[in-house]
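So this one's final37.pdb, PDB, C-alpha atoms and all ligand atoms:
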```
ATOM      1  CA  MET A   1     -13.401  10.287   9.242
ATOM      2  CA  LYS A   2     -10.656  12.036   7.263
ATOM      3  CA  LYS A   3     -11.407  12.573   3.578
ATOM      4  CA  ILE A   4      -9.016  11.666   0.800
ATOM      5  CA  ALA A   5      -8.824  12.008  -2.980
ATOM      6  CA  ILE A   6      -7.024   9.421  -5.094
ATOM      7  CA  LEU A   7      -5.387  10.321  -8.400
ATOM      8  CA  PHE A   8      -4.471   7.558 -10.854
ATOM      9  CA  SER A   9      -3.675   7.031 -14.523
ATOM     10  CA  GLY A  10      -3.964   3.372 -15.420
ATOM     11  CA  ALA A  11      -4.795  -0.063 -14.038
ATOM     12  CA  GLY A  12      -5.774   1.283 -10.626
ATOM     13  CA  SER A  13      -4.726  -1.755  -8.591
ATOM     14  CA  ASN A  14      -3.573   0.551  -5.778
ATOM     15  CA  LEU A  15      -6.860   2.426  -5.925
ATOM     16  CA  ALA A  16      -8.724  -0.893  -5.680
ATOM     17  CA  TYR A  17      -6.633  -1.955  -2.680
ATOM     18  CA  ILE A  18      -7.245   1.311  -0.816
ATOM     19  CA  LEU A  19     -10.982   1.061  -1.505
ATOM     20  CA  GLU A  20     -11.065  -2.492  -0.200
ATOM     21  CA  HIS A  21      -8.890  -1.999   2.866
ATOM     22  CA  LEU A  22      -9.220   1.611   4.053
ATOM     23  CA  HIS A  23     -12.384   3.112   2.567
ATOM     24  CA  GLN A  24     -15.076   3.660   5.199
ATOM     25  CA  LYS A  25     -12.892   1.833   7.712
ATOM     26  CA  LYS A  26     -10.038   4.270   8.317
ATOM     27  CA  VAL A  27     -10.657   7.035   5.730
ATOM     28  CA  GLU A  28     -13.350   8.158   3.355
ATOM     29  CA  VAL A  29     -12.418   8.274  -0.314
ATOM     30  CA  VAL A  30     -14.642  11.103  -1.538
ATOM     31  CA  LEU A  31     -13.089  11.786  -4.930
ATOM     32  CA  THR A  32     -11.019  10.036  -7.563
ATOM     33  CA  ILE A  33      -9.391  11.735 -10.538
ATOM     34  CA  SER A  34      -7.875  10.202 -13.647
ATOM     35  CA  ASN A  35      -5.945  12.097 -16.296
ATOM     36  CA  ASN A  36      -6.609   9.207 -18.691
ATOM     37  CA  PRO A  37     -10.157   8.728 -20.001
ATOM     38  CA  ASN A  38      -9.355   5.075 -20.774
ATOM     39  CA  ALA A  39      -7.843   4.171 -17.394
ATOM     40  CA  LYS A  40      -8.909   0.680 -16.354
ATOM     41  CA  GLY A  41      -9.112   1.820 -12.720
ATOM     42  CA  ILE A  42     -12.209   3.941 -13.385
ATOM     43  CA  LYS A  43     -14.315   0.829 -12.828
ATOM     44  CA  TYR A  44     -13.229   0.584  -9.186
ATOM     45  CA  ALA A  45     -14.506   4.082  -8.392
ATOM     46  CA  LYS A  46     -17.804   3.164 -10.057
ATOM     47  CA  LYS A  47     -18.034  -0.068  -8.048
ATOM     48  CA  TYR A  48     -17.853   1.928  -4.797
ATOM     49  CA  ASN A  49     -20.067   4.780  -6.086
ATOM     50  CA  ILE A  50     -17.284   7.308  -5.697
ATOM     51  CA  PRO A  51     -17.102  10.194  -8.178
ATOM     52  CA  CYS A  52     -14.392   9.750 -10.774
ATOM     53  CA  VAL A  53     -13.565  13.001 -12.511
ATOM     54  CA  ILE A  54     -11.686  12.683 -15.785
ATOM     55  CA  ILE A  55      -9.334  15.568 -16.433
ATOM     56  CA  ASP A  56      -7.710  14.588 -19.702
ATOM     57  CA  SER A  57      -4.104  15.767 -19.586
ATOM     58  CA  LYS A  58      -3.943  15.610 -23.402
ATOM     59  CA  ALA A  59      -6.493  18.434 -23.590
ATOM     60  CA  PHE A  60      -4.090  20.920 -21.983
ATOM     61  CA  ALA A  61      -1.176  22.536 -23.794
ATOM     62  CA  LEU A  62       0.462  23.726 -20.567
ATOM     63  CA  ARG A  63       1.232  21.618 -17.486
ATOM     64  CA  GLU A  64       0.205  24.570 -15.309
ATOM     65  CA  ASP A  65      -3.284  24.672 -16.843
ATOM     66  CA  PHE A  66      -3.771  20.948 -16.269
ATOM     67  CA  ASP A  67      -2.534  21.326 -12.688
ATOM     68  CA  ASN A  68      -4.892  24.236 -12.153
ATOM     69  CA  ALA A  69      -7.826  22.084 -13.252
ATOM     70  CA  LEU A  70      -6.740  19.424 -10.724
ATOM     71  CA  VAL A  71      -6.463  21.999  -7.934
ATOM     72  CA  GLU A  72      -9.890  23.454  -8.717
ATOM     73  CA  GLU A  73     -11.505  20.021  -8.627
ATOM     74  CA  ILE A  74      -9.806  18.969  -5.392
ATOM     75  CA  GLN A  75     -10.662  22.276  -3.698
ATOM     76  CA  LYS A  76     -14.378  21.763  -4.425
ATOM     77  CA  HIS A  77     -14.347  18.992  -1.819
ATOM     78  CA  SER A  78     -13.027  19.252   1.726
ATOM     79  CA  ILE A  79     -10.119  16.910   1.208
ATOM     80  CA  ASP A  80      -7.594  16.270   3.992
ATOM     81  CA  LEU A  81      -5.068  14.470   1.790
ATOM     82  CA  SER A  82      -4.599  13.681  -1.906
ATOM     83  CA  VAL A  83      -2.952  10.384  -2.788
ATOM     84  CA  LEU A  84      -1.069   9.882  -6.046
ATOM     85  CA  ALA A  85      -1.482   6.157  -6.676
ATOM     86  CA  GLY A  86      -0.029   5.417 -10.089
ATOM     87  CA  PHE A  87      -0.596   8.998 -11.238
ATOM     88  CA  MET A  88       1.883   9.342 -14.080
ATOM     89  CA  ARG A  89       2.182  13.105 -14.337
ATOM     90  CA  ILE A  90       4.951  15.522 -13.424
ATOM     91  CA  LEU A  91       3.345  18.208 -11.279
ATOM     92  CA  THR A  92       4.206  21.899 -11.200
ATOM     93  CA  PRO A  93       4.123  24.256  -8.190
ATOM     94  CA  VAL A  94       0.558  25.181  -9.236
ATOM     95  CA  PHE A  95      -0.355  21.798  -7.777
ATOM     96  CA  THR A  96       2.397  21.177  -5.250
ATOM     97  CA  ASP A  97       2.081  24.595  -3.523
ATOM     98  CA  ASN A  98      -1.673  24.197  -3.095
ATOM     99  CA  ILE A  99      -2.447  20.543  -2.477
ATOM    100  CA  LYS A 100      -1.216  18.415   0.419
ATOM    101  CA  SER A 101      -0.339  15.136  -1.242
ATOM    102  CA  ILE A 102       1.668  11.938  -1.031
ATOM    103  CA  ASN A 103       3.043   9.820  -3.887
ATOM    104  CA  LEU A 104       3.790   6.126  -4.288
ATOM    105  CA  HIS A 105       6.982   5.332  -6.200
ATOM    106  CA  PRO A 106       8.233   1.813  -6.926
ATOM    107  CA  SER A 107      11.890   2.197  -5.959
ATOM    108  CA  LEU A 108      14.017   2.831  -2.919
ATOM    109  CA  LEU A 109      14.169   6.593  -3.345
ATOM    110  CA  PRO A 110      16.369   8.553  -3.861
ATOM    111  CA  LYS A 111      17.367   5.776  -6.251
ATOM    112  CA  PHE A 112      15.584   5.421  -9.599
ATOM    113  CA  LYS A 113      13.383   8.487  -9.685
ATOM    114  CA  GLY A 114      11.085   8.888 -12.687
ATOM    115  CA  LEU A 115       9.791   6.377 -15.208
ATOM    116  CA  LYS A 116      10.457   2.613 -15.399
ATOM    117  CA  ALA A 117      11.715   2.500 -11.818
ATOM    118  CA  ILE A 118      10.914  -1.204 -11.371
ATOM    119  CA  GLU A 119      12.744  -2.237 -14.556
ATOM    120  CA  ARG A 120      15.735  -0.003 -13.786
ATOM    121  CA  THR A 121      15.990  -1.306 -10.225
ATOM    122  CA  TYR A 122      15.810  -4.892 -11.420
ATOM    123  CA  LYS A 123      18.528  -4.371 -14.032
ATOM    124  CA  SER A 124      20.831  -2.633 -11.557
ATOM    125  CA  ASP A 125      23.530  -4.322  -9.505
ATOM    126  CA  ASP A 126      21.704  -3.461  -6.279
ATOM    127  CA  GLU A 127      20.889  -6.413  -4.060
ATOM    128  CA  PHE A 128      17.716  -4.761  -2.781
ATOM    129  CA  GLY A 129      14.810  -3.045  -4.450
ATOM    130  CA  GLY A 130      11.637  -1.679  -2.944
ATOM    131  CA  VAL A 131       9.007   1.000  -2.790
ATOM    132  CA  SER A 132       8.665   4.447  -1.259
ATOM    133  CA  VAL A 133       5.814   6.722  -0.303
ATOM    134  CA  HIS A 134       6.804  10.358   0.108
ATOM    135  CA  TRP A 135       5.366  13.828   0.542
ATOM    136  CA  VAL A 136       5.016  15.588  -2.783
ATOM    137  CA  ASN A 137       6.956  18.777  -3.382
ATOM    138  CA  SER A 138       7.940  20.633  -6.535
ATOM    139  CA  GLU A 139      10.916  18.335  -7.188
ATOM    140  CA  LEU A 140      10.117  15.007  -8.877
ATOM    141  CA  ASP A 141      10.082  12.031  -6.455
ATOM    142  CA  ALA A 142      12.126  14.003  -3.924
ATOM    143  CA  GLY A 143       9.874  14.873  -0.966
ATOM    144  CA  GLU A 144      10.376  13.542   2.544
ATOM    145  CA  ILE A 145       9.903   9.776   2.805
ATOM    146  CA  ILE A 146       6.948   8.582   4.884
ATOM    147  CA  VAL A 147       7.241   4.800   4.418
ATOM    148  CA  GLN A 148       9.804   2.665   2.615
ATOM    149  CA  LYS A 149       9.840  -1.126   2.208
ATOM    150  CA  GLN A 150      12.616  -3.192   0.705
ATOM    151  CA  ILE A 151      12.961  -6.687  -0.693
ATOM    152  CA  SER A 152      15.934  -8.722  -1.834
ATOM    153  CA  LYS A 153      16.197  -9.295  -5.580
ATOM    154  CA  VAL A 154      18.455 -12.289  -5.139
ATOM    155  CA  GLY A 155      17.231 -15.311  -7.112
ATOM    156  CA  LEU A 156      14.086 -13.580  -8.378
ATOM    157  CA  SER A 157      13.048 -13.494 -12.031
ATOM    158  CA  PHE A 158      11.772 -10.114 -13.228
ATOM    159  CA  ASP A 159       8.166 -11.312 -12.992
ATOM    160  CA  GLU A 160       8.690 -12.564  -9.445
ATOM    161  CA  TYR A 161      10.306  -9.269  -8.471
ATOM    162  CA  LEU A 162       7.459  -7.311 -10.083
ATOM    163  CA  GLU A 163       4.849  -9.365  -8.252
ATOM    164  CA  GLN A 164       6.519  -8.750  -4.893
ATOM    165  CA  ILE A 165       6.775  -5.022  -5.604
ATOM    166  CA  LYS A 166       3.087  -4.921  -6.541
ATOM    167  CA  THR A 167       2.249  -6.578  -3.217
ATOM    168  CA  ILE A 168       4.413  -4.488  -0.900
ATOM    169  CA  GLU A 169       3.559  -1.169  -2.571
ATOM    170  CA  LYS A 170      -0.094  -1.520  -1.583
ATOM    171  CA  ILE A 171       0.794  -2.231   2.050
ATOM    172  CA  ALA A 172       3.273   0.663   2.101
ATOM    173  CA  LEU A 173       0.737   3.050   0.585
ATOM    174  CA  CYS A 174      -1.982   2.190   3.103
ATOM    175  CA  GLU A 175       0.475   2.559   6.001
ATOM    176  CA  ALA A 176       1.599   5.914   4.634
ATOM    177  CA  ILE A 177      -1.957   7.202   4.216
ATOM    178  CA  GLU A 178      -2.745   6.428   7.839
ATOM    179  CA  LYS A 179       0.552   7.878   9.034
ATOM    180  CA  SER A 180       0.273  11.094   7.038
ATOM    181  CA  LEU A 181      -3.281  11.738   8.205
ATOM    182  CA  LEU A 182      -2.032  11.795  11.786
ATOM    183  CA  ILE A 183       0.260  14.746  11.035
TER     184      ILE A 183
HETATM  185  C1  LIG A 201       2.435   1.236  -9.484
HETATM  186  O1  LIG A 201       3.356   0.172  -9.600
HETATM  187  C2  LIG A 201       3.113   2.467  -8.918
HETATM  188  O2  LIG A 201       4.115   2.145  -7.999
HETATM  189  C3  LIG A 201       3.678   3.088 -10.162
HETATM  190  O3  LIG A 201       2.683   2.909 -11.143
HETATM  191  C4  LIG A 201       1.994   1.691 -10.875
HETATM  192  C5  LIG A 201       0.490   1.951 -10.931
HETATM  193  O4  LIG A 201      -0.239   0.772 -10.790
HETATM  194  N1  LIG A 201       3.947   4.480  -9.959
HETATM  195  C6  LIG A 201       4.956   5.137 -10.534
HETATM  196  O5  LIG A 201       5.745   4.611 -11.290
HETATM  197  C7  LIG A 201       5.042   6.607 -10.174
HETATM  198  N2  LIG A 201       6.179   7.213 -10.762
HETATM  199  P1  LIG A 201      -1.800   0.790 -10.548
HETATM  200  O6  LIG A 201      -2.430   1.690 -11.604
HETATM  201  O7  LIG A 201      -2.232  -0.641 -10.736
HETATM  202  O8  LIG A 201      -2.059   1.298  -9.150
END
```

Output the structure of this file as structure tokens.
Amino acid sequence: MKKIAILFSGAGSNLAYILEHLHQKKVEVVLTISNNPNAKGIKYAKKYNIPCVIIDSKAFALREDFDNALVEEIQKHSIDLSVLAGFMRILTPVFTDNIKSINLHPSLLPKFKGLKAIERTYKSDDEFGGVSVHWVNSELDAGEIIVQKQISKVGLSFDEYLEQIKTIEKIALCEAIEKSLLI
């Protein structure tokens, strides 16, 4: 089975979904990494007995040094693919040139790159919003799209829109993991 690492920063609902739906069925999650020592998602790695390495981004003055610590950790394991699932860090070429990875972003890229993508999509005049999973390169949220899913915003409150995004992003991410492991 192909081996993946999952990187996350917060609640970890995407991590939990991957563990429930893909782990030891389609892929093996052998490593998780959080840049946030207080991330709520750490408990999911523990539940499945998967190592969760904390690399506290606040402990590094330079982005490159933090990225180097990520690369060193990932390279200790024979990982086929790293998955950024709610990993809220801008990565430098130190990471992107060395690690094959995909990223989940909650907008219809190339629209609404960066932070607060769900809020900005909702506030926009666009009729549709959605989620994207893309290959990671050195440009923020700009790599080739692997999977994209869209929903209509018409008639939805913000909370309803958010809930639908949270549902479809997990399905999109799992589809993209399977698809990118075939390449
Ligand atoms: C998800 O909604 C994901 O799309 C978003 O962070 C959330 C993490 O949730 N990612 C980004 O905004 C990336 N720029 P989770 O911790 O519950 O998986």

Shell of 6 Å around ligand LIG 201 (chain A) (all atoms listed in the file), written as a PyMOL selection string: chain A and resi 10-15+85-86+88+104-106+114-115+166

Considering all atoms listed in the file, return as an MDAnalysis selection string whatever protein or nucleic-acid residues lie within 8 Å of region 71-81 of chain A, sequence-local ones (same chain, fewer than 5 positions apart) excluded. chainID A and resid 2:5 30:31 94:95 98:102 181

Rounded to one decimal, what separation in Å do you get between CA of Ile177 (chain A) and CA of His21 (chain A)?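 Value for the CA of Ile177 (chain A)-CA of His21 (chain A) distance: 11.6 Å.
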
On this structure, which residues satisfy the PyMOL selection byres (((chain A and resi 45-51) around 9) and not hetatm), written as a CSV table (one decimal) with C-alpha atoms, in the coordinates of the input?
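Printed below is selection35.csv as written:
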```
chain,number,residue,atom,x,y,z
A,15,LEU,CA,-6.9,2.4,-5.9
A,16,ALA,CA,-8.7,-0.9,-5.7
A,19,LEU,CA,-11.0,1.1,-1.5
A,29,VAL,CA,-12.4,8.3,-0.3
A,30,VAL,CA,-14.6,11.1,-1.5
A,31,LEU,CA,-13.1,11.8,-4.9
A,32,THR,CA,-11.0,10.0,-7.6
A,33,ILE,CA,-9.4,11.7,-10.5
A,41,GLY,CA,-9.1,1.8,-12.7
A,42,ILE,CA,-12.2,3.9,-13.4
A,43,LYS,CA,-14.3,0.8,-12.8
A,44,TYR,CA,-13.2,0.6,-9.2
A,52,CYS,CA,-14.4,9.8,-10.8
A,53,VAL,CA,-13.6,13.0,-12.5
```

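The shortest atom-to-atom distance to Arg120 (chain A), with all atoms listed in the file taken into account, belongs to A:Phe158 out of A:Leu173, A:Asp97, A:Phe158, A:Trp135.
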
When distances are computed from all atoms listed in the file, which of A:Leu7, A:Val147, A:Ile18, A:Leu109 shows the smallest separation from Leu70 (chain A)?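 The shortest atom-to-atom distance to Leu70 (chain A) comes from A:Leu7.
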